[in-house]
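Enquirer: Next comes run-v4.cif, mmCIF, C-alpha atoms:
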```cif
data_coords
#
loop_
_atom_site.label_atom_id
_atom_site.label_comp_id
_atom_site.auth_asym_id
_atom_site.auth_seq_id
_atom_site.Cartn_x
_atom_site.Cartn_y
_atom_site.Cartn_z
CA MET A 216 -138.55 -142.30 -82.32
CA ASN A 217 -138.64 -138.80 -80.85
CA GLU A 218 -135.66 -136.79 -79.64
CA ASN A 219 -136.02 -137.84 -75.99
CA GLU A 220 -136.35 -141.54 -76.88
CA MET A 221 -133.23 -141.28 -79.02
CA GLY A 222 -131.39 -139.72 -76.09
CA MET A 223 -132.53 -142.57 -73.85
CA ALA A 224 -131.36 -145.18 -76.37
CA ALA A 225 -127.98 -143.49 -76.76
CA THR A 226 -127.21 -142.68 -73.14
CA GLY A 227 -129.13 -145.26 -71.14
CA ILE A 228 -130.50 -142.46 -68.95
CA PRO A 229 -134.15 -143.16 -68.09
CA ASP A 230 -136.78 -140.51 -68.53
CA VAL A 231 -138.23 -141.14 -65.07
CA THR A 232 -136.95 -142.59 -61.83
CA VAL A 233 -139.89 -143.76 -59.74
CA ILE A 234 -138.86 -143.56 -56.09
CA ILE A 235 -140.83 -145.78 -53.71
CA GLY A 236 -140.28 -145.75 -49.98
CA ALA A 237 -141.93 -148.83 -48.47
CA TYR A 238 -142.67 -149.69 -44.86
CA GLU A 239 -145.00 -152.58 -43.96
CA ALA A 240 -146.52 -152.04 -47.41
CA MET A 241 -148.03 -155.45 -48.19
CA PRO A 242 -150.35 -156.12 -49.95
CA TYR A 243 -150.67 -152.54 -51.25
CA LEU A 244 -147.19 -152.72 -52.75
CA ILE A 245 -148.26 -155.30 -55.33
CA PRO A 246 -150.65 -153.07 -57.38
CA CYS A 247 -148.29 -150.15 -56.82
CA LEU A 248 -145.41 -151.91 -58.59
CA GLU A 249 -147.70 -153.43 -61.21
CA SER A 250 -148.88 -149.94 -62.13
CA VAL A 251 -145.30 -148.87 -62.84
CA GLU A 252 -144.69 -151.94 -65.01
CA ALA A 253 -147.88 -151.19 -66.97
CA GLN A 254 -146.86 -147.64 -67.91
CA THR A 255 -147.29 -146.80 -71.60
CA LEU A 256 -144.08 -144.76 -71.40
CA GLY A 257 -142.26 -148.08 -71.75
CA ALA A 258 -140.22 -150.17 -69.34
CA ASP A 259 -136.97 -149.15 -71.06
CA ARG A 260 -137.60 -145.49 -70.25
CA ILE A 261 -138.28 -146.00 -66.53
CA GLU A 262 -136.29 -147.12 -63.51
CA ILE A 263 -137.47 -147.86 -59.99
CA VAL A 264 -135.51 -147.15 -56.84
CA ALA A 265 -137.31 -148.86 -53.95
CA VAL A 266 -136.25 -148.35 -50.34
CA ASN A 267 -137.43 -150.93 -47.81
CA ASP A 268 -137.56 -148.94 -44.57
CA GLY A 269 -137.18 -151.76 -42.05
CA SER A 270 -140.33 -153.72 -42.93
CA THR A 271 -141.11 -157.03 -41.25
CA ASP A 272 -144.19 -158.05 -43.24
CA GLY A 273 -142.53 -159.41 -46.38
CA THR A 274 -142.18 -156.04 -48.12
CA GLY A 275 -138.43 -156.41 -48.54
CA GLU A 276 -138.68 -159.95 -49.90
CA TYR A 277 -141.33 -158.94 -52.42
CA LEU A 278 -139.21 -156.02 -53.62
CA ASP A 279 -136.24 -158.33 -54.22
CA GLU A 280 -138.45 -160.79 -56.09
CA PHE A 281 -139.92 -158.03 -58.24
CA ALA A 282 -136.49 -156.59 -59.06
CA ALA A 283 -135.26 -159.99 -60.20
CA ARG A 284 -138.06 -160.53 -62.73
CA SER A 285 -139.32 -157.10 -63.82
CA LYS A 286 -138.61 -155.55 -67.20
CA VAL A 287 -138.34 -152.21 -65.42
CA ALA A 288 -134.80 -151.74 -64.09
CA THR A 289 -135.23 -151.88 -60.32
CA ARG A 290 -132.76 -151.28 -57.53
CA VAL A 291 -133.73 -152.14 -53.96
CA VAL A 292 -132.21 -150.71 -50.79
CA HIS A 293 -132.83 -152.30 -47.39
CA GLN A 294 -132.34 -150.07 -44.34
CA GLU A 295 -133.35 -149.88 -40.69
CA ASN A 296 -136.63 -148.16 -40.04
CA SER A 297 -136.23 -144.38 -40.14
CA GLY A 298 -139.62 -143.51 -38.68
CA GLY A 299 -140.91 -141.51 -41.63
CA PRO A 300 -140.89 -141.09 -45.41
CA SER A 301 -138.14 -138.46 -45.65
CA LYS A 302 -135.04 -140.65 -45.42
CA PRO A 303 -136.28 -143.31 -47.90
CA ARG A 304 -137.09 -140.58 -50.41
CA ASN A 305 -133.72 -138.92 -49.91
CA VAL A 306 -131.93 -142.25 -50.37
CA GLY A 307 -133.88 -142.82 -53.57
CA LEU A 308 -133.19 -139.31 -54.82
CA ASP A 309 -129.44 -139.74 -54.24
CA MET A 310 -129.54 -142.87 -56.41
CA ALA A 311 -131.83 -141.54 -59.16
CA ARG A 312 -130.56 -141.28 -62.72
CA GLY A 313 -133.69 -140.16 -64.55
CA ARG A 314 -134.30 -136.79 -66.13
CA TYR A 315 -137.40 -136.66 -63.93
CA VAL A 316 -138.30 -138.26 -60.64
CA PHE A 317 -141.72 -139.33 -59.39
CA PHE A 318 -142.20 -140.09 -55.69
CA LEU A 319 -144.80 -142.86 -55.46
CA ASP A 320 -146.13 -143.99 -52.09
CA ALA A 321 -146.15 -147.78 -51.75
CA ASP A 322 -149.90 -147.89 -51.05
CA ASP A 323 -150.88 -145.83 -54.12
CA TYR A 324 -150.74 -146.59 -57.84
CA LEU A 325 -150.49 -144.87 -61.23
CA GLY A 326 -152.88 -144.62 -64.16
CA GLU A 327 -151.39 -146.47 -67.15
CA GLU A 328 -150.63 -143.34 -69.19
CA ALA A 329 -149.56 -141.20 -66.23
CA LEU A 330 -145.82 -140.99 -66.77
CA GLU A 331 -146.09 -140.72 -70.56
CA ARG A 332 -148.52 -137.80 -70.30
CA MET A 333 -146.58 -136.00 -67.56
CA VAL A 334 -143.18 -136.36 -69.27
CA ALA A 335 -144.66 -135.13 -72.55
CA MET A 336 -146.19 -132.16 -70.74
CA ALA A 337 -142.91 -131.19 -69.07
CA ASP A 338 -140.87 -131.66 -72.26
CA ARG A 339 -143.34 -129.67 -74.36
CA ASN A 340 -143.43 -126.70 -72.00
CA GLY A 341 -140.03 -126.79 -70.31
CA THR A 342 -141.76 -126.91 -66.92
CA ASP A 343 -140.06 -128.37 -63.85
CA VAL A 344 -143.05 -129.79 -61.95
CA VAL A 345 -146.10 -131.60 -63.32
CA LEU A 346 -149.24 -132.33 -61.29
CA GLY A 347 -151.34 -135.24 -62.48
CA LYS A 348 -155.02 -135.52 -61.62
CA ILE A 349 -155.66 -137.50 -58.43
CA GLU A 350 -158.51 -139.81 -57.50
CA GLY A 351 -159.11 -141.16 -54.01
CA ILE A 352 -159.84 -144.82 -53.27
CA GLY A 353 -161.69 -144.90 -49.96
CA ARG A 354 -160.50 -141.40 -49.17
CA GLY A 355 -160.79 -137.84 -50.41
CA ALA A 356 -158.51 -136.29 -53.00
CA PRO A 357 -157.64 -132.68 -53.86
CA LYS A 358 -159.81 -131.28 -56.66
CA SER A 359 -159.67 -127.49 -56.80
CA MET A 360 -156.46 -127.36 -58.86
CA PHE A 361 -157.64 -129.87 -61.46
CA GLY A 362 -160.47 -127.87 -63.02
CA ARG A 363 -158.66 -127.79 -66.35
CA THR A 364 -155.36 -128.78 -67.90
CA LEU A 365 -152.72 -126.06 -67.65
CA GLU A 366 -149.69 -126.18 -69.92
CA ARG A 367 -147.89 -123.62 -67.77
CA THR A 368 -148.80 -121.96 -64.50
CA ASP A 369 -147.28 -120.98 -61.16
CA VAL A 370 -148.14 -121.02 -57.49
CA PHE A 371 -149.90 -117.63 -57.62
CA SER A 372 -151.86 -118.09 -60.85
CA SER A 373 -153.59 -121.32 -59.87
CA ASN A 374 -154.64 -123.28 -56.81
CA ILE A 375 -151.71 -125.73 -56.87
CA LYS A 376 -150.61 -124.57 -53.41
CA MET A 377 -153.49 -126.60 -52.00
CA THR A 378 -151.89 -129.90 -53.03
CA LEU A 379 -148.38 -130.27 -51.67
CA SER A 380 -147.96 -134.04 -51.57
CA ALA A 381 -144.72 -135.24 -53.15
CA GLU A 382 -146.45 -137.55 -55.63
CA LYS A 383 -145.69 -135.39 -58.63
CA LEU A 384 -143.21 -135.34 -61.49
CA PHE A 385 -140.13 -133.23 -60.72
CA ARG A 386 -137.29 -132.32 -63.07
CA ARG A 387 -134.27 -133.77 -61.30
CA GLU A 388 -132.01 -130.98 -62.52
CA LEU A 389 -134.09 -128.48 -60.51
CA LEU A 390 -133.78 -130.55 -57.33
CA GLU A 391 -130.03 -130.97 -57.69
CA LYS A 392 -129.45 -127.32 -58.61
CA HIS A 393 -131.02 -126.19 -55.35
CA LYS A 394 -129.82 -129.20 -53.33
CA MET A 395 -133.39 -129.97 -52.38
CA ARG A 396 -134.04 -132.87 -50.04
CA PHE A 397 -136.78 -133.83 -47.59
CA ASP A 398 -136.43 -132.68 -43.98
CA GLN A 399 -135.68 -135.82 -41.98
CA GLN A 400 -136.67 -134.11 -38.73
CA LEU A 401 -140.28 -133.98 -39.90
CA TYR A 402 -142.41 -137.11 -39.76
CA THR A 403 -145.47 -135.58 -41.39
CA GLY A 404 -145.80 -132.60 -43.71
CA GLU A 405 -142.26 -133.06 -44.99
CA ASP A 406 -143.59 -133.27 -48.55
CA ALA A 407 -145.42 -129.93 -48.25
CA ARG A 408 -142.22 -128.04 -47.58
CA PHE A 409 -140.37 -129.84 -50.39
CA THR A 410 -143.13 -129.42 -52.97
CA LEU A 411 -143.85 -125.77 -52.26
CA GLU A 412 -140.16 -124.94 -52.59
CA ALA A 413 -140.11 -126.76 -55.93
CA TYR A 414 -143.15 -124.78 -57.12
CA VAL A 415 -141.52 -121.49 -56.21
CA ARG A 416 -138.07 -122.29 -57.61
CA SER A 417 -139.36 -123.91 -60.79
CA ALA A 418 -139.34 -122.43 -64.28
CA GLY A 419 -143.04 -123.25 -64.43
CA VAL A 420 -145.58 -125.87 -63.37
CA SER A 421 -147.95 -127.91 -65.56
CA VAL A 422 -151.25 -129.54 -64.60
CA VAL A 423 -152.68 -132.66 -66.29
CA ALA A 424 -156.39 -132.50 -65.45
CA ASP A 425 -157.95 -134.60 -68.23
CA TYR A 426 -156.56 -137.97 -67.11
CA VAL A 427 -156.32 -139.62 -63.69
CA CYS A 428 -152.59 -140.04 -63.16
CA LEU A 429 -152.57 -141.10 -59.52
CA TYR A 430 -154.89 -143.18 -57.34
CA ILE A 431 -154.38 -142.56 -53.62
CA VAL A 432 -155.53 -145.41 -51.37
CA ARG A 433 -156.79 -145.37 -47.80
CA ARG A 434 -155.12 -148.13 -45.84
CA ASP A 435 -157.37 -150.31 -43.72
CA ASP A 436 -154.60 -150.98 -41.20
CA GLY A 437 -154.11 -147.32 -40.25
CA LYS A 438 -150.34 -147.52 -40.82
CA HIS A 439 -150.17 -144.61 -43.23
CA ILE A 440 -148.29 -141.77 -41.54
CA THR A 441 -151.12 -139.29 -42.25
CA GLN A 442 -153.50 -141.55 -40.32
CA SER A 443 -151.26 -141.76 -37.28
CA GLY A 444 -148.90 -139.59 -35.28
CA SER A 445 -149.49 -137.04 -32.53
CA TYR A 446 -151.11 -133.67 -33.02
CA ALA A 447 -147.79 -132.03 -32.05
CA MET A 448 -146.39 -133.30 -35.35
CA ARG A 449 -149.03 -131.27 -37.23
CA PHE A 450 -147.89 -128.07 -35.54
CA ASP A 451 -144.27 -128.94 -36.40
CA SER A 452 -145.20 -129.35 -40.04
CA ALA A 453 -147.18 -126.10 -40.06
CA LYS A 454 -144.20 -124.25 -38.60
CA ALA A 455 -141.83 -125.76 -41.16
CA LEU A 456 -144.01 -124.66 -44.05
CA MET A 457 -144.66 -121.21 -42.61
CA ASP A 458 -140.96 -120.68 -41.97
CA LEU A 459 -140.16 -121.68 -45.55
CA ILE A 460 -142.72 -119.24 -46.94
CA ALA A 461 -141.20 -116.50 -44.78
CA GLU A 462 -137.72 -117.37 -46.09
CA LEU A 463 -138.89 -117.20 -49.70
CA PHE A 464 -141.05 -114.05 -49.53
CA PRO A 465 -140.92 -110.84 -47.47
CA PRO A 466 -144.04 -109.66 -45.64
CA GLY A 467 -146.72 -108.71 -48.12
CA GLU A 468 -149.30 -110.02 -50.56
CA LYS A 469 -147.36 -113.02 -51.86
CA ARG A 470 -146.45 -114.26 -48.40
CA ASP A 471 -150.04 -113.86 -47.20
CA GLU A 472 -151.38 -115.69 -50.25
CA LEU A 473 -149.18 -118.74 -49.60
CA MET A 474 -149.80 -118.68 -45.84
CA ILE A 475 -153.41 -119.65 -46.54
CA ARG A 476 -152.23 -123.21 -47.13
CA PRO A 477 -150.74 -124.00 -43.68
CA PHE A 478 -153.48 -122.09 -41.88
CA VAL A 479 -156.38 -123.81 -43.65
CA ILE A 480 -154.98 -127.29 -44.24
CA THR A 481 -152.81 -127.82 -41.14
CA LEU A 482 -153.88 -125.53 -38.30
CA LEU A 483 -157.65 -125.28 -38.76
CA PRO A 484 -158.23 -129.05 -38.39
CA GLN A 485 -156.62 -128.85 -34.94
CA PHE A 486 -159.46 -126.58 -33.86
CA ASP A 487 -162.54 -128.30 -35.22
CA HIS A 488 -165.32 -130.30 -33.50
CA ARG A 489 -162.71 -132.74 -32.16
CA TRP A 490 -161.19 -129.93 -30.11
CA LEU A 491 -164.50 -129.68 -28.25
CA LYS A 492 -164.32 -133.34 -27.28
CA ALA A 493 -160.66 -133.31 -26.26
CA LYS A 494 -159.46 -133.25 -22.67
CA ALA A 495 -158.97 -129.81 -21.12
CA GLU A 496 -155.19 -130.20 -21.06
CA THR A 497 -155.15 -131.15 -24.76
CA ARG A 498 -157.22 -128.09 -25.67
CA GLU A 499 -154.86 -125.85 -23.73
CA ASP A 500 -151.80 -127.54 -25.21
CA LYS A 501 -153.03 -126.96 -28.74
CA LEU A 502 -153.59 -123.29 -27.98
CA ASP A 503 -150.05 -123.11 -26.58
CA LEU A 504 -148.59 -124.78 -29.68
CA ALA A 505 -150.47 -122.41 -31.97
CA ARG A 506 -149.50 -119.24 -30.10
CA PRO A 507 -146.02 -118.61 -31.59
CA LEU A 508 -147.28 -119.35 -35.10
CA MET A 509 -150.21 -116.97 -34.76
CA GLU A 510 -148.05 -114.24 -33.27
CA LYS A 511 -145.56 -114.50 -36.11
CA TYR A 512 -147.66 -115.19 -39.18
CA TRP A 513 -151.32 -114.24 -38.56
CA THR A 514 -151.83 -110.95 -40.43
CA PRO A 515 -154.78 -108.91 -41.71
CA GLY A 516 -153.78 -110.05 -45.21
CA VAL A 517 -154.15 -113.71 -44.26
CA ALA A 518 -157.37 -113.02 -42.35
CA ARG A 519 -159.16 -111.38 -45.27
CA ARG A 520 -158.30 -114.32 -47.54
CA LEU A 521 -160.24 -116.75 -45.32
CA LYS A 522 -163.93 -117.51 -45.15
CA VAL A 523 -165.70 -116.10 -42.11
CA PRO A 524 -165.99 -119.35 -40.10
CA GLU A 525 -162.31 -120.11 -40.76
CA ARG A 526 -161.21 -116.59 -39.84
CA LEU A 527 -163.21 -116.60 -36.62
CA ARG A 528 -161.64 -119.87 -35.48
CA MET A 529 -158.15 -118.52 -36.10
CA TYR A 530 -159.00 -115.22 -34.42
CA TYR A 531 -160.26 -116.99 -31.29
CA VAL A 532 -157.10 -119.10 -31.23
CA THR A 533 -154.97 -115.97 -31.58
CA GLU A 534 -156.82 -114.25 -28.74
CA ARG A 535 -156.89 -117.47 -26.68
CA ARG A 536 -160.65 -117.12 -26.34
CA ALA A 537 -161.43 -120.77 -25.70
CA ASP A 538 -164.95 -119.83 -24.57
CA LEU A 539 -165.79 -118.07 -27.85
CA LEU A 540 -164.13 -120.82 -29.89
CA ALA A 541 -166.27 -123.42 -28.12
CA ASP A 542 -169.44 -121.43 -28.88
CA HIS A 543 -168.44 -121.10 -32.53
CA LEU A 544 -167.64 -124.80 -32.93
CA THR A 545 -170.88 -125.79 -31.22
CA PHE A 546 -172.79 -123.60 -33.69
CA LEU A 547 -170.98 -125.22 -36.63
CA GLN A 548 -171.46 -128.74 -35.28
CA ALA A 549 -175.19 -128.13 -35.00
CA LYS A 550 -175.17 -127.15 -38.71
CA GLN A 551 -176.84 -123.85 -37.93
CA VAL A 552 -176.81 -121.17 -40.63
CA PRO A 553 -175.78 -117.62 -39.73
CA GLU A 554 -177.96 -114.69 -40.77
CA VAL A 555 -176.52 -112.50 -43.53
CA ILE A 556 -176.47 -108.89 -42.33
CA ARG A 557 -176.09 -105.93 -44.72
CA LYS A 558 -177.64 -102.48 -45.09
CA SER A 559 -178.33 -102.84 -48.82
CA PRO A 560 -177.86 -105.46 -51.56
CA ALA A 561 -174.57 -103.83 -52.61
CA ALA A 562 -173.28 -103.21 -49.08
CA GLN A 563 -170.65 -105.17 -47.18
CA PRO A 564 -172.23 -108.43 -45.93
CA TYR A 565 -171.56 -109.81 -42.46
CA LEU A 566 -172.33 -113.31 -41.19
CA ALA A 567 -173.96 -113.28 -37.77
CA TYR A 568 -172.17 -116.16 -36.14
CA PRO A 569 -172.31 -116.29 -32.31
CA HIS A 570 -171.10 -113.06 -30.63
CA PHE A 571 -171.55 -110.85 -33.69
CA ARG A 572 -171.77 -107.31 -32.31
CA ASP A 573 -171.78 -108.69 -28.79
CA LYS A 574 -170.20 -105.84 -26.80
CA LYS A 575 -169.19 -108.13 -23.98
CA ALA A 576 -167.28 -110.47 -26.32
CA GLY A 577 -165.68 -107.51 -28.10
CA VAL A 578 -165.00 -109.26 -31.41
CA PRO A 579 -164.31 -106.70 -34.19
CA ASP A 580 -166.95 -106.56 -36.93
CA GLU A 581 -164.33 -107.22 -39.61
CA MET A 582 -163.92 -110.75 -38.31
CA PHE A 583 -167.51 -111.42 -39.46
CA ALA A 584 -167.18 -109.62 -42.82
CA VAL A 585 -167.45 -111.65 -46.03
CA THR A 586 -164.24 -111.01 -47.94
CA VAL A 587 -164.16 -114.08 -50.19
CA SER A 588 -167.06 -115.82 -51.87
CA GLU A 589 -168.69 -118.49 -49.70
CA MET A 590 -171.86 -120.55 -49.51
CA VAL A 591 -174.28 -119.75 -46.67
CA GLY A 592 -177.33 -121.97 -46.37
CA GLY A 593 -177.07 -122.97 -50.02
CA VAL A 594 -176.78 -119.36 -51.21
CA ARG A 595 -173.53 -117.82 -52.48
CA VAL A 596 -172.55 -114.65 -50.63
CA THR A 597 -169.85 -112.42 -52.10
CA ALA A 598 -168.00 -109.35 -50.94
CA PRO A 599 -168.64 -105.99 -52.62
CA LYS A 600 -166.62 -105.74 -55.84
CA ALA A 601 -165.62 -102.14 -55.23
CA PRO A 602 -166.46 -99.26 -52.91
CA ILE A 603 -169.81 -97.70 -53.81
CA ARG A 604 -169.22 -94.50 -55.82
CA PRO A 605 -171.47 -91.53 -55.21
CA THR A 606 -173.88 -90.59 -57.98
CA PRO A 607 -173.07 -87.38 -59.94
CA SER A 608 -176.07 -85.52 -58.47
CA PHE A 609 -175.01 -86.46 -54.94
CA ALA A 610 -171.46 -85.33 -55.69
CA ARG A 611 -172.69 -81.96 -57.01
CA ARG A 612 -174.76 -81.40 -53.87
CA VAL A 613 -171.71 -82.10 -51.68
CA VAL A 614 -169.58 -79.66 -53.69
CA ARG A 615 -172.25 -76.92 -53.48
CA LYS A 616 -172.51 -77.44 -49.70
CA LEU A 617 -168.75 -77.19 -49.26
CA ARG A 618 -168.65 -73.99 -51.32
CA ARG A 619 -171.41 -72.44 -49.18
CA MET A 620 -169.51 -73.39 -46.03
CA ALA A 621 -166.34 -71.84 -47.42
CA ARG A 622 -168.10 -68.56 -48.32
CA GLY A 623 -169.64 -68.39 -44.86
CA MET A 624 -166.25 -68.87 -43.22
CA ALA A 625 -164.76 -66.12 -45.42
CA ARG A 626 -167.50 -63.61 -44.45
CA SER A 627 -167.03 -64.32 -40.76
#
```
Once more with this new file: its structure as structure tokens, please.
Expert:
Amino acid sequence: MNENEMGMAATGIPDVTVIIGAYEAMPYLIPCLESVEAQTLGADRIEIVAVNDGSTDGTGEYLDEFAARSKVATRVVHQENSGGPSKPRNVGLDMARGRYVFFLDADDYLGEEALERMVAMADRNGTDVVLGKIEGIGRGAPKSMFGRTLERTDVFSSNIKMTLSAEKLFRRELLEKHKMRFDQQLYTGEDARFTLEAYVRSAGVSVVADYVCLYIVRRDDGKHITQSGSYAMRFDSAKALMDLIAELFPPGEKRDELMIRPFVITLLPQFDHRWLKAKAETREDKLDLARPLMEKYWTPGVARRLKVPERLRMYYVTERRADLLADHLTFLQAKQVPEVIRKSPAAQPYLAYPHFRDKKAGVPDEMFAVTVSEMVGGVRVTAPKAPIRPTPSFARRVVRKLRRMARGMARS
């Protein structure tokens, strides 16, 4: 028996509280709960706090039945529907007793060794947040941050900022120290704000990349909050995350680096091919909703961190050039490939998307400049690594010319 298991036996404090907010969750709830029972960490080291958020499909009844028979200590709360996941999670967090908490959505499920591996990782490294590898069932899943297992990292040394769902292991002491709770005014994107703050305030983050810890499931009934809700909610969530980043970091490199996340993940999808098909009033409304965010947070530092097609879309939104945005999206939708323009193999490359060097459109060349590596027609295009340095012979010629000019000026 290791030190943590001995502490559990002596104090009765579980290692992990699994918090499950459930609304109209049947039948997805069944494998979700079964996956917690099957954890190799052991039923005596886990507790479940399940919050039935006003379900009418038998979710509440199944939770009560499960609590009565399960070896995992389970407490169930029944409440009126709150309209989003924030309040159920906050209720669960207020009731949690574990050293760690894991927020598990009722339609997802855990790999059998997930909690054991994540707790061991956090205990071994003293880290406050652990990301477990994710696999999608009928849907996509984030991948870029799971290239390899990381014992200790942070939000600037890895790509963890690109996964901000709440389904991670958090040290409860960190959350209580900073009085962290989910924003109940947000009905989507509430987890992004919470998770990013935890990353930044943590004593370190770990990544388990060699084992699938979490399976995220696409619901066939469309009742998952990320599959529903108005587009205005997406702008609200982008603003909340941008405002948090601005609170945590002054203007500069770190702020710009984190701002990539809300721009790319939340705002860009509002101005994709679907924008072309939307009604005129919807297109205008989206531009209006984006305006204050672009005015406040769109900077040259953010722009140069984006790929050219992403940067152009955001630039056109900033300038309210709906005509140029439409041309750009039409080009992308047709899967056309822009020509790569550069004076020499080592020179700055530009991608000739529509209106490149079009005087009438007046779009600055830097909006078309490749500043991060990107694939163009199956070929990787990269920015110059450093300014080209003059050769010694060229430098000597320049110096000799300057000296001649100086002597001539002295004689005159």
Enquirer: Apply the PyMOL selection byres ((chain A and resi 553) around 6) to the file shown and report the selected residues as JSON, numbers by chain.
Expert: {"A": [552, 554, 566, 567, 568]}
Enquirer: Once the PyMOL selection byres ((chain A and resi 274) around 12) has been applied to the shown file, what residues remain in the selection, as a ChimeraX atom specification?
Expert: /A:235-245,248,265-273,275-281,291-293,321-322
Enquirer: Those residues with C-alpha atoms, as an mmCIF file, keeping the file's coordinate frame please?
Expert:
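Everything below was put into selection-v3.cif:
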```
data_model
loop_
_atom_site.group_PDB
_atom_site.id
_atom_site.type_symbol
_atom_site.label_atom_id
_atom_site.label_comp_id
_atom_site.auth_asym_id
_atom_site.auth_seq_id
_atom_site.Cartn_x
_atom_site.Cartn_y
_atom_site.Cartn_z
ATOM 1 C CA ILE A 235 -140.830 -145.780 -53.710
ATOM 2 C CA GLY A 236 -140.280 -145.750 -49.980
ATOM 3 C CA ALA A 237 -141.930 -148.830 -48.470
ATOM 4 C CA TYR A 238 -142.670 -149.690 -44.860
ATOM 5 C CA GLU A 239 -145.000 -152.580 -43.960
ATOM 6 C CA ALA A 240 -146.520 -152.040 -47.410
ATOM 7 C CA MET A 241 -148.030 -155.450 -48.190
ATOM 8 C CA PRO A 242 -150.350 -156.120 -49.950
ATOM 9 C CA TYR A 243 -150.670 -152.540 -51.250
ATOM 10 C CA LEU A 244 -147.190 -152.720 -52.750
ATOM 11 C CA ILE A 245 -148.260 -155.300 -55.330
ATOM 12 C CA LEU A 248 -145.410 -151.910 -58.590
ATOM 13 C CA ALA A 265 -137.310 -148.860 -53.950
ATOM 14 C CA VAL A 266 -136.250 -148.350 -50.340
ATOM 15 C CA ASN A 267 -137.430 -150.930 -47.810
ATOM 16 C CA ASP A 268 -137.560 -148.940 -44.570
ATOM 17 C CA GLY A 269 -137.180 -151.760 -42.050
ATOM 18 C CA SER A 270 -140.330 -153.720 -42.930
ATOM 19 C CA THR A 271 -141.110 -157.030 -41.250
ATOM 20 C CA ASP A 272 -144.190 -158.050 -43.240
ATOM 21 C CA GLY A 273 -142.530 -159.410 -46.380
ATOM 22 C CA GLY A 275 -138.430 -156.410 -48.540
ATOM 23 C CA GLU A 276 -138.680 -159.950 -49.900
ATOM 24 C CA TYR A 277 -141.330 -158.940 -52.420
ATOM 25 C CA LEU A 278 -139.210 -156.020 -53.620
ATOM 26 C CA ASP A 279 -136.240 -158.330 -54.220
ATOM 27 C CA GLU A 280 -138.450 -160.790 -56.090
ATOM 28 C CA PHE A 281 -139.920 -158.030 -58.240
ATOM 29 C CA VAL A 291 -133.730 -152.140 -53.960
ATOM 30 C CA VAL A 292 -132.210 -150.710 -50.790
ATOM 31 C CA HIS A 293 -132.830 -152.300 -47.390
ATOM 32 C CA ALA A 321 -146.150 -147.780 -51.750
ATOM 33 C CA ASP A 322 -149.900 -147.890 -51.050
#
```
Enquirer: Between CA of Glu327 (chain A) and CA of Ala253 (chain A), what is the distance, to one decimal in Å?
Expert: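 The value is 5.9 Å.
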Enquirer: When you count all atoms listed in the file, which of these residues is closest to His570 (chain A): A:His543, A:Arg339, A:Arg332, A:Arg387?
Expert: A:His543
Enquirer: Name every residue that the PyMOL selection byres ((chain A and resi 337) around 12) selects in this structure, writing the answer as number ranges by chain with chains first and numbers rising.
Expert: A: 219, 230-231, 314-316, 330-336, 338-347, 365-368, 383-387, 417-423
Enquirer: What separation in Å, quoted to one decimal, exists between CA of Glu534 (chain A) and CA of Gly404 (chain A)?
Expert: 26.1 Å
Enquirer: Name the closest residue to Thr597 (chain A) among the candidates A:Arg354, A:Arg536, A:Arg498, A:Arg557; distances are taken between atoms, counting only C-alpha atoms.
Expert: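 Smallest distance to Thr597 (chain A) is found for A:Arg557.
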Enquirer: Just want the 8 Å neighbourhood of Ala453 (chain A), counted on all atoms listed in the file, with same-chain residues fewer than 3 positions away dropped. Output as a ChimeraX atom specification.
Expert: /A:404,449-450,456-457,477-478,481-482
Enquirer: For a cut-off of 12 Å around (-154.7, -133.6, -53.6), file coordinates, pick out all residues using all atoms listed in the file and list them as a ChimeraX atom specification.
Expert: /A:346-351,354-361,374-383,407,427-431,480
Enquirer: Considering only C-alpha atoms, can you say which of A:Arg572, A:Lys454, A:Arg528, A:Arg396 comes closest to Asp487 (chain A)?
Expert: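 Checking each candidate against Asp487 (chain A), we get A:Arg528 as the closest.
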Enquirer: Pick out the closest residue to Ala329 (chain A) from this set: A:Ala282, A:Ala424, A:Ala447, A:Ile263. Count all atoms listed in the file.
Expert: A:Ala424
